[in-house]
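Printed here is coords-v8.csv (CSV, C-alpha atoms):
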```
chain,number,residue,atom,x,y,z
E,56,MET,CA,-16.6,12.7,12.2
E,57,ILE,CA,-13.8,13.1,14.7
E,58,GLY,CA,-15.9,12.8,17.8
E,59,ASN,CA,-16.0,9.0,17.6
E,60,ILE,CA,-12.3,8.4,16.9
E,61,SER,CA,-11.1,5.4,18.8
E,62,LYS,CA,-8.0,4.7,20.9
E,63,THR,CA,-7.1,2.1,18.4
E,64,PHE,CA,-7.1,4.7,15.6
E,65,LYS,CA,-4.9,7.1,17.6
E,66,TRP,CA,-2.5,4.3,18.3
E,67,PHE,CA,-2.5,3.3,14.6
E,68,PHE,CA,-1.8,6.9,13.5
E,69,LYS,CA,1.2,7.3,15.8
E,70,LEU,CA,2.6,4.0,14.5
E,71,GLU,CA,2.2,4.9,10.9
E,72,SER,CA,3.6,8.4,11.3
E,73,ALA,CA,6.8,7.0,12.9
E,74,SER,CA,7.2,4.3,10.4
E,75,GLY,CA,7.0,6.8,7.6
E,76,LEU,CA,10.2,8.4,8.7
E,77,ILE,CA,11.9,5.0,8.9
E,78,LEU,CA,10.7,4.3,5.3
E,79,LEU,CA,12.3,7.6,4.1
E,80,PHE,CA,15.6,6.7,5.7
E,81,SER,CA,15.5,3.2,4.1
E,82,ALA,CA,14.8,4.6,0.7
E,83,ILE,CA,17.6,7.2,1.0
E,84,LEU,CA,20.0,4.5,2.2
E,85,ALA,CA,19.1,2.2,-0.7
E,86,LEU,CA,19.7,5.0,-3.2
E,87,ILE,CA,23.1,5.8,-1.6
E,88,ILE,CA,24.3,2.2,-1.6
E,89,SER,CA,23.0,1.5,-5.1
E,90,ASN,CA,25.1,4.4,-6.4
E,91,SER,CA,28.3,3.6,-4.4
E,92,VAL,CA,31.1,1.2,-4.7
E,93,TYR,CA,28.8,-1.3,-2.9
E,94,SER,CA,26.2,-1.3,-5.6
E,95,ASN,CA,27.2,-4.7,-7.1
E,96,PHE,CA,27.1,-6.2,-3.6
E,97,TYR,CA,23.6,-4.7,-3.1
E,98,PHE,CA,22.1,-6.0,-6.3
E,99,ASN,CA,23.9,-9.4,-6.2
E,100,THR,CA,22.7,-10.0,-2.7
E,101,LEU,CA,19.1,-9.4,-3.7
E,102,GLU,CA,19.5,-11.8,-6.6
E,103,LYS,CA,21.0,-14.6,-4.6
E,104,TYR,CA,18.7,-17.7,-4.0
E,105,LEU,CA,17.8,-18.8,-0.6
E,106,PHE,CA,16.2,-22.2,0.3
E,107,ILE,CA,13.8,-22.3,3.2
E,108,GLY,CA,12.5,-25.7,4.3
E,109,PHE,CA,13.6,-29.1,5.6
E,110,ASN,CA,15.6,-31.6,3.5
E,111,GLN,CA,14.0,-31.7,0.1
E,112,ILE,CA,10.7,-30.1,1.2
E,113,GLY,CA,10.8,-26.3,0.9
E,114,LEU,CA,11.1,-23.4,-1.6
E,115,LYS,CA,14.1,-21.8,-3.2
E,116,LEU,CA,13.6,-18.1,-4.2
E,117,SER,CA,15.8,-15.1,-4.6
E,118,VAL,CA,16.2,-12.8,-1.6
E,119,LEU,CA,14.2,-10.1,-3.4
E,120,HIS,CA,11.5,-12.7,-4.2
E,121,TRP,CA,11.2,-13.8,-0.6
E,122,ILE,CA,10.8,-10.1,0.4
E,123,ASN,CA,8.2,-9.3,-2.2
E,124,ASP,CA,6.2,-12.5,-2.1
E,125,GLY,CA,6.9,-13.8,1.5
E,126,LEU,CA,7.2,-10.8,3.8
E,127,MET,CA,4.8,-8.7,1.8
E,128,ALA,CA,2.2,-11.4,2.3
E,129,ILE,CA,2.5,-10.6,6.0
E,130,PHE,CA,2.1,-6.9,5.1
E,131,PHE,CA,-1.1,-7.5,3.2
E,132,PHE,CA,-2.3,-9.8,6.0
E,133,PHE,CA,-1.8,-6.8,8.3
E,134,VAL,CA,-3.4,-4.3,5.9
E,135,THR,CA,-6.5,-6.5,5.5
E,136,LEU,CA,-6.8,-6.8,9.3
E,137,GLU,CA,-6.8,-3.0,9.4
E,138,ILE,CA,-9.4,-2.8,6.6
E,139,LYS,CA,-11.6,-5.4,8.3
E,140,ARG,CA,-11.5,-3.7,11.7
E,141,GLU,CA,-12.2,-0.2,10.2
E,142,PHE,CA,-15.2,-1.5,8.3
E,143,LEU,CA,-16.6,-3.5,11.3
E,144,GLN,CA,-15.9,-1.2,14.1
E,145,GLY,CA,-13.8,1.8,13.1
E,146,GLU,CA,-14.0,5.0,11.1
E,147,LEU,CA,-15.4,3.2,8.0
E,148,SER,CA,-18.2,1.5,9.9
E,149,ASN,CA,-20.4,4.6,9.7
E,150,ALA,CA,-21.6,5.0,6.1
E,151,LYS,CA,-21.7,8.8,6.4
E,152,GLN,CA,-18.1,9.1,7.7
E,153,ALA,CA,-16.9,6.6,5.1
E,154,LEU,CA,-18.5,8.2,2.1
E,155,LEU,CA,-16.0,11.1,1.5
E,156,PRO,CA,-12.8,9.0,1.7
E,157,ILE,CA,-14.4,6.3,-0.5
E,158,ILE,CA,-15.3,8.9,-3.1
E,159,ALA,CA,-11.9,10.5,-2.8
E,160,ALA,CA,-10.1,7.2,-3.1
E,161,VAL,CA,-12.0,6.3,-6.3
E,162,GLY,CA,-11.0,9.6,-7.8
E,163,GLY,CA,-7.4,9.1,-6.6
E,164,MET,CA,-7.2,5.7,-8.3
E,165,VAL,CA,-9.1,6.4,-11.6
E,166,ILE,CA,-7.6,9.8,-12.6
E,167,PRO,CA,-3.9,8.7,-12.1
E,168,ALA,CA,-4.5,5.6,-14.1
E,169,LEU,CA,-6.0,7.6,-16.9
E,170,VAL,CA,-3.1,10.0,-16.9
E,171,TYR,CA,-0.7,7.1,-17.2
E,172,ILE,CA,-2.8,5.4,-19.9
E,173,SER,CA,-2.9,8.7,-21.9
E,174,ILE,CA,0.9,8.7,-22.1
E,175,ASN,CA,1.4,4.9,-22.7
E,176,TYR,CA,-1.7,3.9,-24.7
E,177,SER,CA,0.3,3.2,-27.9
E,178,ASP,CA,2.7,0.7,-26.2
E,179,PRO,CA,1.2,-2.5,-24.9
E,180,ASP,CA,4.3,-3.4,-22.9
E,181,THR,CA,4.4,-0.1,-20.9
E,182,LEU,CA,0.6,0.2,-20.7
E,183,ASN,CA,0.6,-2.7,-18.2
E,184,GLY,CA,1.9,-0.3,-15.6
E,185,TRP,CA,-1.4,1.7,-15.5
E,186,ALA,CA,-2.1,0.9,-11.8
E,187,ILE,CA,1.3,2.0,-10.5
E,188,PRO,CA,0.4,5.7,-9.8
E,189,SER,CA,-3.0,4.8,-8.3
E,190,ALA,CA,-1.5,3.8,-4.9
E,191,THR,CA,-1.0,5.8,-1.7
E,192,ASP,CA,1.7,5.0,0.9
E,193,ILE,CA,-0.2,5.3,4.1
E,194,ALA,CA,2.9,5.3,6.4
E,195,PHE,CA,4.8,7.8,4.3
E,196,SER,CA,1.9,10.3,3.8
E,197,LEU,CA,1.0,10.2,7.5
E,198,GLY,CA,4.7,10.6,8.4
E,199,VAL,CA,4.7,13.9,6.4
E,200,LEU,CA,1.5,15.0,8.1
E,201,SER,CA,2.9,14.3,11.5
E,202,LEU,CA,5.7,16.8,10.8
E,203,LEU,CA,3.1,19.6,10.4
E,204,GLY,CA,1.8,19.0,13.9
E,205,LYS,CA,-1.4,21.0,14.8
E,206,ARG,CA,-1.5,22.8,11.5
E,207,VAL,CA,-3.4,19.8,10.3
E,208,PRO,CA,-6.7,19.1,12.1
E,209,LEU,CA,-7.1,15.5,13.3
E,210,SER,CA,-10.2,15.1,11.1
E,211,LEU,CA,-7.9,15.4,8.0
E,212,LYS,CA,-5.5,12.8,9.4
E,213,VAL,CA,-8.5,10.5,9.8
E,214,PHE,CA,-9.6,11.3,6.3
E,215,LEU,CA,-6.2,10.6,4.8
E,216,THR,CA,-5.9,7.3,6.7
E,217,ALA,CA,-9.3,6.1,5.7
E,218,LEU,CA,-8.6,7.1,2.1
E,219,ALA,CA,-5.3,5.2,2.1
E,220,ILE,CA,-6.9,2.1,3.6
E,221,ILE,CA,-9.5,2.1,0.8
E,222,ASP,CA,-6.7,2.7,-1.6
E,223,ASP,CA,-5.0,-0.4,-0.3
E,224,LEU,CA,-8.2,-2.3,-0.7
E,225,GLY,CA,-8.3,-1.1,-4.3
E,226,ALA,CA,-4.7,-2.2,-4.9
E,227,ILE,CA,-5.5,-5.7,-3.5
E,228,VAL,CA,-8.4,-6.0,-6.0
E,229,ILE,CA,-6.2,-4.8,-8.9
E,230,ILE,CA,-3.5,-7.2,-8.0
E,231,ALA,CA,-5.9,-10.2,-7.8
E,232,LEU,CA,-7.7,-9.3,-11.1
E,233,PHE,CA,-5.0,-7.9,-13.3
E,234,TYR,CA,-1.6,-9.1,-12.1
E,235,SER,CA,-2.0,-12.8,-11.9
E,236,GLY,CA,0.0,-15.2,-14.0
E,237,ASP,CA,-0.9,-18.5,-15.8
E,238,LEU,CA,-3.3,-20.2,-13.5
E,239,SER,CA,-3.0,-23.8,-12.2
E,240,ILE,CA,-6.4,-25.4,-11.7
E,241,LYS,CA,-4.8,-28.0,-9.3
E,242,TYR,CA,-3.3,-25.3,-6.9
E,243,LEU,CA,-6.4,-23.1,-7.3
E,244,CYS,CA,-8.5,-26.0,-6.0
E,245,LEU,CA,-6.1,-26.5,-3.1
E,246,MET,CA,-6.0,-22.8,-2.4
E,247,PHE,CA,-9.9,-22.8,-2.3
E,248,LEU,CA,-9.9,-25.8,0.0
E,249,ALA,CA,-7.5,-24.2,2.4
E,250,PHE,CA,-9.7,-21.1,2.5
E,251,ILE,CA,-12.8,-23.2,3.2
E,252,ILE,CA,-10.9,-24.8,6.1
E,253,LEU,CA,-10.1,-21.4,7.5
E,254,LEU,CA,-13.7,-20.4,7.3
E,255,LEU,CA,-14.7,-23.5,9.2
E,256,ILE,CA,-12.1,-22.8,11.9
E,257,ASN,CA,-13.7,-19.3,12.2
E,258,LYS,CA,-17.2,-20.8,12.2
E,259,PHE,CA,-16.3,-23.0,15.1
E,260,ASN,CA,-15.2,-19.9,17.0
E,261,ILE,CA,-11.6,-21.0,17.5
E,262,LYS,CA,-9.7,-18.1,19.1
E,263,LYS,CA,-6.2,-19.5,19.0
E,264,PHE,CA,-4.0,-18.2,16.1
E,265,PHE,CA,-2.0,-21.4,15.6
E,266,PRO,CA,-4.6,-23.3,13.5
E,267,TYR,CA,-5.1,-20.2,11.3
E,268,LEU,CA,-1.3,-19.9,10.9
E,269,LEU,CA,-0.8,-23.5,10.1
E,270,VAL,CA,-3.5,-23.5,7.3
E,271,GLY,CA,-2.4,-20.0,6.3
E,272,LEU,CA,1.2,-21.3,5.5
E,273,LEU,CA,-0.3,-24.0,3.3
E,274,LEU,CA,-2.6,-21.4,1.7
E,275,TRP,CA,0.4,-19.2,0.9
E,276,ASP,CA,2.2,-22.1,-0.8
E,277,PHE,CA,-0.9,-23.1,-2.8
E,278,THR,CA,-1.4,-19.4,-3.8
E,279,HIS,CA,2.2,-19.0,-4.8
E,280,ASN,CA,2.0,-22.0,-7.1
E,281,SER,CA,-1.5,-21.2,-8.5
E,282,GLY,CA,-0.5,-18.2,-10.6
E,283,ILE,CA,-2.2,-15.7,-8.3
E,284,HIS,CA,0.2,-13.5,-6.5
E,285,ALA,CA,1.3,-15.0,-3.2
E,286,THR,CA,0.4,-11.9,-1.2
E,287,ILE,CA,-3.3,-12.6,-1.8
E,288,ALA,CA,-2.9,-15.5,0.6
E,289,GLY,CA,-2.3,-12.9,3.4
E,290,VAL,CA,-5.6,-11.1,2.3
E,291,LEU,CA,-7.6,-14.4,2.4
E,292,LEU,CA,-6.2,-15.4,5.8
E,293,ALA,CA,-7.0,-12.0,7.4
E,294,MET,CA,-10.5,-12.2,6.1
E,295,THR,CA,-11.1,-15.3,8.3
E,296,ILE,CA,-9.6,-14.0,11.5
E,297,PRO,CA,-12.5,-13.4,14.0
E,298,HIS,CA,-13.3,-10.0,15.4
E,299,ARG,CA,-15.4,-9.5,18.6
E,300,ASN,CA,-19.2,-9.1,18.4
E,301,LYS,CA,-19.4,-6.7,21.4
E,302,ASP,CA,-17.0,-4.0,22.6
E,303,LYS,CA,-15.9,-6.0,25.7
E,304,ASP,CA,-15.4,-9.3,23.9
E,305,PHE,CA,-12.0,-10.7,23.1
E,306,SER,CA,-10.8,-10.0,19.6
E,307,LEU,CA,-8.2,-12.3,18.0
E,308,LEU,CA,-8.0,-9.8,15.1
E,309,ILE,CA,-7.0,-6.8,17.3
E,310,LYS,CA,-4.6,-9.0,19.3
E,311,ILE,CA,-2.8,-10.1,16.2
E,312,GLU,CA,-2.9,-6.6,14.7
E,313,HIS,CA,-1.3,-5.1,17.8
E,314,SER,CA,1.3,-8.0,18.0
E,315,ILE,CA,2.6,-7.8,14.4
E,316,SER,CA,2.2,-4.1,13.8
E,317,PRO,CA,5.7,-3.1,15.0
E,318,TYR,CA,7.3,-5.8,12.9
E,319,VAL,CA,5.4,-4.7,9.8
E,320,ALA,CA,5.9,-1.0,10.4
E,321,PHE,CA,9.6,-1.0,11.5
E,322,GLY,CA,10.7,-4.3,9.9
E,323,ILE,CA,8.9,-5.5,6.8
E,324,MET,CA,8.1,-2.1,5.2
E,325,PRO,CA,11.5,-0.6,5.6
E,326,LEU,CA,13.2,-3.8,4.4
E,327,PHE,CA,10.9,-3.8,1.3
E,328,ALA,CA,11.7,-0.1,0.7
E,329,PHE,CA,15.5,-0.8,1.1
E,330,ALA,CA,15.3,-3.8,-1.3
E,331,ASN,CA,13.2,-2.0,-4.0
E,332,ALA,CA,14.2,1.6,-3.9
E,333,GLY,CA,17.7,1.1,-5.0
E,334,VAL,CA,18.3,2.3,-8.6
E,335,SER,CA,21.4,3.4,-10.4
E,336,LEU,CA,21.3,7.2,-11.2
E,337,GLU,CA,24.2,7.0,-13.6
E,338,GLY,CA,23.2,8.6,-16.8
E,339,LEU,CA,20.0,10.0,-15.3
E,340,SER,CA,18.9,13.1,-17.2
E,341,LEU,CA,15.8,15.1,-17.9
E,342,SER,CA,15.3,13.2,-21.2
E,343,SER,CA,15.3,9.8,-19.4
E,344,MET,CA,12.7,11.0,-17.0
E,345,LEU,CA,10.5,11.9,-20.0
E,346,ASP,CA,10.4,8.3,-21.1
E,347,LYS,CA,6.8,7.0,-21.1
E,348,VAL,CA,7.0,4.9,-18.0
E,349,PRO,CA,8.6,7.4,-15.5
E,350,LEU,CA,6.7,10.3,-17.0
E,351,GLY,CA,3.4,8.5,-16.8
E,352,ILE,CA,4.1,7.6,-13.1
E,353,ILE,CA,5.4,11.1,-12.2
E,354,LEU,CA,2.4,12.9,-13.7
E,355,GLY,CA,0.0,10.2,-12.4
E,356,LEU,CA,1.2,10.5,-8.8
E,357,PHE,CA,1.8,14.3,-8.7
E,358,LEU,CA,-1.0,15.6,-10.9
E,359,GLY,CA,-3.5,12.7,-11.2
E,360,LYS,CA,-3.7,11.9,-7.5
E,361,GLN,CA,-4.3,15.5,-6.3
E,362,LEU,CA,-6.8,16.2,-9.1
E,363,GLY,CA,-8.7,13.0,-8.6
E,364,VAL,CA,-8.9,13.2,-4.8
E,365,PHE,CA,-9.8,16.9,-4.8
E,366,VAL,CA,-12.2,17.1,-7.7
E,367,PHE,CA,-14.2,14.0,-6.7
E,368,SER,CA,-14.3,15.3,-3.1
E,369,TYR,CA,-15.3,18.8,-4.1
E,370,ILE,CA,-18.2,17.6,-6.2
E,371,ALA,CA,-19.4,15.3,-3.4
E,372,ILE,CA,-19.2,18.1,-0.8
E,373,LYS,CA,-20.9,20.7,-3.0
E,374,LEU,CA,-23.7,18.2,-3.9
E,375,LYS,CA,-24.0,17.5,-0.1
E,376,VAL,CA,-23.4,13.8,-0.7
E,377,ALA,CA,-20.6,14.0,1.8
E,378,GLU,CA,-19.3,16.5,4.4
E,379,MET,CA,-16.1,18.5,4.7
E,380,PRO,CA,-13.8,17.2,7.5
E,381,SER,CA,-14.3,19.3,10.6
E,382,ASN,CA,-12.0,22.3,11.3
E,383,SER,CA,-10.5,22.1,7.8
E,384,ASN,CA,-10.5,24.4,4.9
E,385,TRP,CA,-10.0,24.0,1.1
E,386,TYR,CA,-6.3,24.9,1.4
E,387,ASN,CA,-5.2,22.2,3.8
E,388,PHE,CA,-7.7,19.8,2.3
E,389,TYR,CA,-6.0,20.3,-1.1
E,390,GLY,CA,-2.6,19.9,0.5
E,391,VAL,CA,-3.7,16.5,1.9
E,392,GLY,CA,-4.9,15.6,-1.6
E,393,ILE,CA,-1.4,16.3,-2.9
E,394,LEU,CA,0.1,14.1,-0.2
E,395,THR,CA,-1.9,11.2,-1.5
E,396,GLY,CA,0.5,11.3,-4.5
E,397,ILE,CA,3.2,9.7,-2.2
E,398,GLY,CA,2.9,6.2,-3.8
E,399,PHE,CA,6.3,4.8,-2.7
E,400,THR,CA,5.8,1.3,-1.1
E,401,MET,CA,2.6,0.3,-2.8
E,402,SER,CA,3.6,1.9,-6.2
E,403,LEU,CA,6.9,0.0,-6.2
E,404,PHE,CA,5.1,-3.2,-5.3
E,405,VAL,CA,2.6,-2.8,-8.1
E,406,GLY,CA,5.4,-1.9,-10.5
E,407,ASN,CA,7.2,-5.2,-9.7
E,408,LEU,CA,4.0,-7.1,-10.6
E,409,ALA,CA,3.3,-5.0,-13.7
E,410,PHE,CA,6.7,-5.5,-15.3
E,411,VAL,CA,7.7,-8.9,-13.9
E,412,GLU,CA,8.3,-10.0,-17.5
E,413,ASN,CA,9.7,-6.7,-18.7
E,414,MET,CA,12.3,-5.9,-16.0
E,415,GLN,CA,14.0,-3.4,-18.3
E,416,TYR,CA,11.3,-0.9,-17.3
E,417,MET,CA,11.9,-1.3,-13.5
E,418,ASP,CA,14.5,1.5,-13.3
E,419,GLY,CA,12.0,3.8,-14.9
E,420,VAL,CA,9.4,2.7,-12.4
E,421,LYS,CA,11.7,3.4,-9.5
E,422,ILE,CA,12.7,6.8,-10.8
E,423,GLY,CA,9.0,7.7,-11.6
E,424,VAL,CA,7.8,6.6,-8.2
E,425,LEU,CA,10.6,8.3,-6.3
E,426,ALA,CA,10.3,11.6,-8.3
E,427,GLY,CA,6.5,11.6,-8.2
E,428,SER,CA,6.4,10.9,-4.4
E,429,LEU,CA,9.1,13.5,-3.7
E,430,LEU,CA,7.2,16.2,-5.7
E,431,SER,CA,4.0,15.3,-3.9
E,432,THR,CA,5.8,15.4,-0.5
E,433,LEU,CA,7.3,18.8,-1.0
E,434,ALA,CA,4.3,20.4,-2.6
E,435,GLY,CA,1.8,19.1,-0.1
E,436,TYR,CA,4.0,19.9,2.9
E,437,PHE,CA,4.7,23.5,1.9
E,438,LEU,CA,1.1,24.2,0.8
E,439,ILE,CA,-0.2,23.2,4.2
E,440,LEU,CA,2.7,24.9,6.0
E,441,LEU,CA,2.4,28.3,4.2
E,442,THR,CA,-1.4,28.7,4.1
E,443,PRO,CA,-3.7,29.8,6.9
E,444,ASN,CA,-5.3,27.2,9.2
E,445,ARG,CA,-8.7,28.8,8.9
```
Give the structure from this file in structure tokens form.
Amino acid sequence: MIGNISKTFKWFFKLESASGLILLFSAILALIISNSVYSNFYFNTLEKYLFIGFNQIGLKLSVLHWINDGLMAIFFFFVTLEIKREFLQGELSNAKQALLPIIAAVGGMVIPALVYISINYSDPDTLNGWAIPSATDIAFSLGVLSLLGKRVPLSLKVFLTALAIIDDLGAIVIIALFYSGDLSIKYLCLMFLAFIILLLINKFNIKKFFPYLLVGLLLWDFTHNSGIHATIAGVLLAMTIPHRNKDKDFSLLIKIEHSISPYVAFGIMPLFAFANAGVSLEGLSLSSMLDKVPLGIILGLFLGKQLGVFVFSYIAIKLKVAEMPSNSNWYNFYGVGILTGIGFTMSLFVGNLAFVENMQYMDGVKIGVLAGSLLSTLAGYFLILLTPNR
């Protein structure tokens, strides 16, 4: 598996590892400020409305809304470029290499969701958060792995990255299918038309980004008004970006991916974390963490993730459907499975969508995501650190 690893993948891993540490700092800073004398300023700033446009043509949204709908559309655009490249040319292009992380990712999405549902099945309002513990934060989890250095074989880092990429794909599908609002036929038709235009631009083999960007901005506006979450526009746009047919051909996809990756990794994601991780810890107690929403998320991330990833992978390997990553053992493999419980960015994002009409649950979501991710970080890190390499 590891023999065919590309230079692009190595570059990608270094980028994600570093950005994970920046994410951690952003989350800690948000928690400190939101529990200081500046907490009102922090929350009031996020709630302020900002108009972007010219004269009367434009859009007025809250700062938090611009971050979660606007900047995160760029994040999903970037993620989809990664997914497309990996399936066309990278580690997921080989069916045998892709099979284990695909199976593991399915287990890592299904079991946490079932754990959350088992705790919240009696309450329709809180049940809507079932997908929150199903996500893995690729940057954060790879950042933790990078701290372990050579104790983790490169094959396991590849496995975790591939799993998290598939996880992101699952999150995109969930958002599109389950977290859309009231649909507008008019804007859905305009959105579909914009997507068709993008496909035609691709068909005519246009390799300049400006036409894609211009139509993509219209696509985002139509998607935002259609009732489907605006970030899906980033997904649709990325799907139409052309990739090279041969190794030596020019690839607009790779050029864009490399160009925007530092801004996504060190700008958009930390800003999202800073804007969404802030929560008042006043009155926080063990009993409040046992409320249905935080408890479902904590157990889903910490227990559901590791069990889903490990059990599904174990069965696949024992049945010889898939192969164990080279130079790894069951100890460090299980440790990596625990690290998939670091939901953070994606879990917070899904939480915002799940409870957009029940914001009273958002503090519980943040507490659950932060606690579940922290437990997964510590348990996964120390299991790998304290167990033999072989």
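Distance check against Ile157 of chain E using only C-alpha atoms: of E:Ile240, E:Ile256, E:Leu126, E:Val364, the minimum falls on E:Val364.
Take atom CA of Ile138 of chain E and atom CA of Ala186 of chain E: the distance between them is 20.1 Å.
Near Tyr386 of chain E, within a cut-off of 12 Å and counting all atoms listed in the file, sit the residues Arg206, Val207, Leu211, Phe365, Gly392, Ile393, Gly435, Tyr436, Phe437, Leu438, Ile439, Leu440, Leu441, Thr442, Pro443, Asn444 and Arg445 of chain E, with same-chain residues fewer than 6 positions away left out.
Of the residues listed (E:Leu394, E:Leu269, E:Ile261, E:Ala150), E:Leu394 shows the shortest atom-to-atom separation from Gly427 of chain E; distances use only C-alpha atoms.
Residue nearest Met294 of chain E within the list E:Ile370, E:Ala85, E:Ile251, E:Ala217: E:Ile251 [criterion: smallest interatomic distance, all atoms listed in the file].
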